[in-house]
Each structure stands twice: as C-alpha cells, then as structure tokens.
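Peer 1: Handing over query_2.cif, mmCIF, C-alpha atoms.
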data_model
#
loop_
_atom_site.group_PDB
_atom_site.id
_atom_site.type_symbol
_atom_site.label_atom_id
_atom_site.label_comp_id
_atom_site.auth_asym_id
_atom_site.auth_seq_id
_atom_site.Cartn_x
_atom_site.Cartn_y
_atom_site.Cartn_z
ATOM 1 C CA MET A 25 0.000 0.000 0.000
ATOM 2 C CA THR A 26 1.298 3.435 -0.961
ATOM 3 C CA ASP A 27 1.253 6.246 1.558
ATOM 4 C CA LEU A 28 -1.057 9.063 0.562
ATOM 5 C CA PRO A 29 0.303 12.606 0.436
ATOM 6 C CA THR A 30 -0.790 14.735 3.391
ATOM 7 C CA LEU A 31 -3.049 17.757 2.875
ATOM 8 C CA LEU A 32 -4.164 20.348 5.403
ATOM 9 C CA LEU A 33 -7.696 21.551 4.634
ATOM 10 C CA VAL A 34 -8.649 24.859 6.272
ATOM 11 C CA GLU A 35 -12.293 25.887 5.829
ATOM 12 C CA ASP A 36 -14.652 27.429 8.390
ATOM 13 C CA ASP A 37 -17.854 26.491 6.527
ATOM 14 C CA GLY A 38 -18.681 23.057 7.927
ATOM 15 C CA ALA A 39 -20.728 21.886 4.928
ATOM 16 C CA LEU A 40 -18.031 22.850 2.436
ATOM 17 C CA ARG A 41 -15.301 21.367 4.649
ATOM 18 C CA ARG A 42 -17.191 18.043 4.759
ATOM 19 C CA ALA A 43 -17.763 18.056 0.975
ATOM 20 C CA LEU A 44 -14.102 18.802 0.321
ATOM 21 C CA ALA A 45 -12.992 16.171 2.841
ATOM 22 C CA ALA A 46 -15.220 13.523 1.230
ATOM 23 C CA SER A 47 -13.659 14.201 -2.165
ATOM 24 C CA LEU A 48 -10.057 14.816 -1.076
ATOM 25 C CA SER A 49 -9.848 11.828 1.284
ATOM 26 C CA ARG A 50 -9.635 9.547 -1.756
ATOM 27 C CA ARG A 51 -6.312 11.125 -2.742
ATOM 28 C CA PHE A 52 -4.876 12.539 0.488
ATOM 29 C CA ALA A 53 -4.356 11.846 4.159
ATOM 30 C CA LEU A 54 -6.221 14.819 5.610
ATOM 31 C CA ARG A 55 -5.653 17.173 8.495
ATOM 32 C CA MET A 56 -8.492 19.629 8.972
ATOM 33 C CA ALA A 57 -8.928 22.992 10.651
ATOM 34 C CA ALA A 58 -11.675 25.612 10.775
ATOM 35 C CA ASP A 59 -9.572 28.639 11.728
ATOM 36 C CA VAL A 60 -6.041 30.070 11.634
ATOM 37 C CA PHE A 61 -5.197 28.985 15.182
ATOM 38 C CA SER A 62 -6.112 25.339 14.532
ATOM 39 C CA ALA A 63 -4.380 25.426 11.155
ATOM 40 C CA LYS A 64 -1.125 26.599 12.721
ATOM 41 C CA LEU A 65 -1.330 23.762 15.234
ATOM 42 C CA ALA A 66 -1.921 21.304 12.381
ATOM 43 C CA LEU A 67 1.079 22.706 10.490
ATOM 44 C CA ARG A 68 3.255 21.914 13.514
ATOM 45 C CA ALA A 69 2.046 18.285 13.594
ATOM 46 C CA GLY A 70 4.548 17.198 10.968
ATOM 47 C CA PRO A 71 5.385 17.370 7.291
ATOM 48 C CA LEU A 72 2.717 17.859 4.685
ATOM 49 C CA ASP A 73 2.506 17.939 0.924
ATOM 50 C CA ALA A 74 -0.255 20.498 0.391
ATOM 51 C CA VAL A 75 -2.402 23.140 2.068
ATOM 52 C CA LEU A 76 -5.859 24.136 0.819
ATOM 53 C CA THR A 77 -7.202 27.138 2.706
ATOM 54 C CA ASP A 78 -10.125 29.496 2.485
ATOM 55 C CA PHE A 79 -9.277 33.195 2.496
ATOM 56 C CA HIS A 80 -11.854 34.425 5.029
ATOM 57 C CA LEU A 81 -11.461 32.664 8.389
ATOM 58 C CA PRO A 82 -12.922 33.610 11.794
ATOM 59 C CA ASP A 83 -9.590 34.629 13.345
ATOM 60 C CA GLY A 84 -7.605 35.860 10.351
ATOM 61 C CA THR A 85 -7.114 35.002 6.696
ATOM 62 C CA GLY A 86 -5.841 32.156 4.614
ATOM 63 C CA LEU A 87 -2.767 34.284 3.956
ATOM 64 C CA ASP A 88 -1.842 33.847 7.639
ATOM 65 C CA VAL A 89 -2.062 30.078 7.119
ATOM 66 C CA LEU A 90 -0.068 30.192 3.879
ATOM 67 C CA ARG A 91 2.705 32.320 5.434
ATOM 68 C CA GLU A 92 3.142 29.758 8.210
ATOM 69 C CA ALA A 93 2.965 26.874 5.721
ATOM 70 C CA LYS A 94 5.573 28.478 3.473
ATOM 71 C CA MET A 95 7.886 29.014 6.438
ATOM 72 C CA ARG A 96 7.499 25.477 7.875
ATOM 73 C CA TRP A 97 7.057 23.429 4.687
ATOM 74 C CA PRO A 98 8.411 25.507 1.779
ATOM 75 C CA ASN A 99 8.001 22.692 -0.761
ATOM 76 C CA ALA A 100 4.332 22.087 0.050
ATOM 77 C CA VAL A 101 1.761 23.026 -2.588
ATOM 78 C CA ARG A 102 -0.270 25.977 -1.280
ATOM 79 C CA VAL A 103 -3.787 26.625 -2.610
ATOM 80 C CA LEU A 104 -5.958 29.616 -1.688
ATOM 81 C CA MET A 105 -9.713 29.505 -2.286
ATOM 82 C CA SER A 106 -12.042 32.482 -2.036
ATOM 83 C CA ALA A 107 -15.223 34.057 -3.329
ATOM 84 C CA SER A 108 -13.558 37.480 -2.962
ATOM 85 C CA ASP A 109 -11.488 39.049 -5.748
ATOM 86 C CA GLY A 110 -9.611 41.052 -3.096
ATOM 87 C CA ALA A 111 -8.184 37.843 -1.676
ATOM 88 C CA PHE A 112 -6.368 37.137 -4.907
ATOM 89 C CA SER A 113 -4.953 40.659 -5.128
ATOM 90 C CA ALA A 114 -3.576 40.350 -1.592
ATOM 91 C CA GLN A 115 -2.131 36.908 -2.380
ATOM 92 C CA ASP A 116 -0.482 38.164 -5.561
ATOM 93 C CA SER A 117 1.525 40.731 -3.604
ATOM 94 C CA GLU A 118 3.095 38.033 -1.405
ATOM 95 C CA HIS A 119 3.195 35.049 -3.795
ATOM 96 C CA LEU A 120 2.097 32.712 -1.010
ATOM 97 C CA ALA A 121 -0.122 30.375 -3.015
ATOM 98 C CA SER A 122 0.891 27.956 -5.741
ATOM 99 C CA VAL A 123 -2.560 28.555 -7.212
ATOM 100 C CA ALA A 124 -5.703 30.505 -6.308
ATOM 101 C CA VAL A 125 -9.137 28.958 -6.866
ATOM 102 C CA PRO A 126 -12.269 31.115 -7.092
ATOM 103 C CA LYS A 127 -15.452 29.932 -5.372
ATOM 104 C CA PRO A 128 -17.722 28.316 -6.309
ATOM 105 C CA PHE A 129 -15.760 25.401 -7.766
ATOM 106 C CA ASN A 130 -16.089 21.704 -8.495
ATOM 107 C CA VAL A 131 -14.539 19.821 -5.533
ATOM 108 C CA VAL A 132 -13.517 16.869 -7.707
ATOM 109 C CA ILE A 133 -11.660 19.104 -10.164
ATOM 110 C CA VAL A 134 -9.888 20.925 -7.320
ATOM 111 C CA GLY A 135 -8.847 17.550 -5.883
ATOM 112 C CA HIS A 136 -7.392 16.523 -9.253
ATOM 113 C CA LEU A 137 -5.591 19.862 -9.553
ATOM 114 C CA ILE A 138 -3.972 19.577 -6.135
ATOM 115 C CA ALA A 139 -3.003 15.938 -6.724
ATOM 116 C CA ARG A 140 -1.362 16.909 -10.013
ATOM 117 C CA LEU A 141 0.512 19.806 -8.378
ATOM 118 C CA VAL A 142 1.743 17.528 -5.574
ATOM 119 C CA ALA A 143 2.855 14.850 -8.041
ATOM 120 C CA ALA A 144 4.689 17.482 -10.079
ATOM 121 C CA ALA A 145 6.364 18.890 -6.965
ATOM 122 C CA HIS A 146 7.535 15.398 -5.986
ATOM 123 C CA SER A 147 8.847 14.621 -9.471
ATOM 124 C CA GLY A 148 10.479 17.994 -10.034
ATOM 125 C CA LYS A 149 8.376 18.546 -13.180
ATOM 126 C CA THR A 150 6.029 21.396 -13.956
ATOM 127 C CA PRO A 151 2.336 20.471 -13.561
ATOM 128 C CA ILE A 152 1.704 20.627 -17.305
ATOM 129 C CA SER A 153 4.591 18.369 -18.289
ATOM 130 C CA SER A 154 3.981 14.656 -18.732
#
Show me, as structure tokens, the structure contained in the file I just sent.

Peer 2:
Amino acid sequence: MTDLPTLLLVEDDGALRRALAASLSRRFALRMAADVFSAKLALRAGPLDAVLTDFHLPDGTGLDVLREAKMRWPNAVRVLMSASDGAFSAQDSEHLASVAVPKPFNVVIVGHLIARLVAAAHSGKTPISS
C-alpha cells in the first residue's frame, strides 16, 4: 500500500469542509482545521505535501495560514480559495499560493488539480509536463 500525500484543509464552513474532505480523502491523508489557530497547530504536527485554505477565516485570513505553511514546509503546494477578488490581489503581492481557486468550484476538479501539483512537486516537473 502506498502512503497518501498529506493535505491540510482549512475551511470554516462546515458543509463545504465536509464536501471537500469527502472528495479529497480519496487522494490525500487529511488534516483539517476551521480557523487560523487550529491550522497553525496542524502545520506543527509534521510534514505535509499540500495546504488548501479558504481566504476568510474567523480569526484571520488564509494568507496567515499560507505564510506559516511556506515558512514550515516551503516545498508544500499551497492553494488559496475564495469568493472574494480582493483575496487574490492580496495573495499576488506576497506570492504565497501555488494557485488561487475562485469559489464556487467543483470539488472533484480541485482535488485533481492539487493531486497533479503535488505529483509534479515530488517529481520535479512542472504540472503541465507529462
């Protein structure tokens, strides 16, 4: 049996978190958090391959999560999701995310995207190379 890559999912909306977890758990070993504080604790729990975080969180933003992730696990794929255009402008200034995903989105497609980015990161290839 192959070990699954580890993904930290940070989403404060319980229904969306459950939907994402149901889809992503097929491809990743999941850690989950609903706020920045819990996400930072999860980041300290050990290495991970990817972080998927919402922008708007109860105690900060996804950028706070991505800064910590970049510091602790610089090779991890970092994905920011948001329904707010302003989130992407803020992210662009710091280059914290590998990719930004606008809401709403198809959870299966996002899972495929993250899996492809993680595989590319592990192989040293760009995500569009074969």

Peer 1: Would you pick out the contacts of Met56 in chain A at 9 Å or less, using all atoms listed in the file, so that residues sharing its chain but fewer than 2 positions from it are not included, and give the list as JSON, numbers by chain?

Peer 2: {"A": [31, 32, 33, 34, 35, 41, 45, 54, 58, 62, 63, 66]}

Peer 1: Check which residues of range 116-143 of chain A sit at most 12 Å from range 95-99 of chain A using all atoms listed in the file, and return one row each with the closest pair of atoms and their distance in Å to one decimal, ordered by chain and rising number, as a tab-separated table.

Peer 2:
residue	atom	partner	partner_atom	distance
A:Leu120	CA	A:Pro98	CA	10.0
A:Ala121	CA	A:Pro98	CA	10.9
A:Ser122	CA	A:Asn99	CA	10.2
A:Leu141	CA	A:Asn99	CA	11.1
A:Val142	CA	A:Asn99	CA	9.4
A:Ala143	CA	A:Asn99	CA	11.9

Peer 1: Could you jot down the CA of Pro71 in chain A to CA of Gly84 in chain A separation for me, Å, one decimal place?

Peer 2: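 Separation of CA of Pro71 in chain A and CA of Gly84 in chain A: 22.8 Å.
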
Peer 1: Applied to the shown file, which residues does the PyMOL selection byres ((chain A and resi 79) around 9) return, written as a VMD selection string?

Peer 2: chain A and resid 35 77 to 78 80 to 81 84 to 87 104 to 108 111 to 112

Peer 1: List the residues matched by the PyMOL selection byres ((chain A and resi 44) around 10) in the displayed structure as a compact mmCIF listing (two decimals) with C-alpha atoms, keeping the file's coordinate frame, ordered by chain and then by residue number.

Peer 2:
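So out_22.txt came out as:
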# COMPACT_ATOMS: atom_id res chain seq x y z
CA LEU A 33 -7.70 21.55 4.63
CA GLU A 35 -12.29 25.89 5.83
CA GLY A 38 -18.68 23.06 7.93
CA ALA A 39 -20.73 21.89 4.93
CA LEU A 40 -18.03 22.85 2.44
CA ARG A 41 -15.30 21.37 4.65
CA ARG A 42 -17.19 18.04 4.76
CA ALA A 43 -17.76 18.06 0.98
CA ALA A 45 -12.99 16.17 2.84
CA ALA A 46 -15.22 13.52 1.23
CA SER A 47 -13.66 14.20 -2.16
CA LEU A 48 -10.06 14.82 -1.08
CA SER A 49 -9.85 11.83 1.28
CA LEU A 76 -5.86 24.14 0.82
CA ASN A 130 -16.09 21.70 -8.49
CA VAL A 131 -14.54 19.82 -5.53
CA VAL A 132 -13.52 16.87 -7.71
CA VAL A 134 -9.89 20.92 -7.32
CA GLY A 135 -8.85 17.55 -5.88

Peer 1: How far is it from CA of Gly148 in chain A to CA of Ala69 in chain A, in Å with one decimal?

Peer 2: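 Interatomic distance here is 25.1 Å.
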
Peer 1: Between CA of Glu92 in chain A and CA of Leu72 in chain A, what is the distance, to one decimal in Å?

Peer 2: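 Those two atoms sit 12.4 Å apart.
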
Peer 1: Between A:Ala139, A:Val103, A:Val75, A:Val60, single out the one closest to Pro126 in chain A, counting only C-alpha atoms.

Peer 2: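 Result for the nearest residue to Pro126 in chain A: A:Val103.
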
Peer 1: Compare A:Asp83, A:Asp37, A:Asp73, A:Asp27 by their minimum atom-to-atom distance to Phe61 in chain A, counting only C-alpha atoms, and give me the closest one.

Peer 2: A:Asp83

Peer 1: Which polymer residues, whether protein, DNA or RNA, lie within 8 Å of the coordinate (1.6, 23.1, -9.3) when you count all atoms listed in the file? List them as a ChimeraX atom specification, using the chain letters and numbers from the file.

Peer 2: /A:101,122-123,137-138,140-142,144-145,150-151

Peer 1: Kindly indicate which residue among A:Arg102, A:His146, A:Arg55, A:His119 lies nearest to Leu67 in chain A, using only C-alpha atoms for the distances.

Peer 2: A:Arg55

Peer 1: Select, from A:Thr30, A:Pro82, A:Lys64, A:Ile133, the residue with the minimum atom-to-atom distance to Lys94 in chain A, counting only C-alpha atoms.

Peer 2: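 Using only C-alpha atoms, Lys94 in chain A sits closest to A:Lys64.
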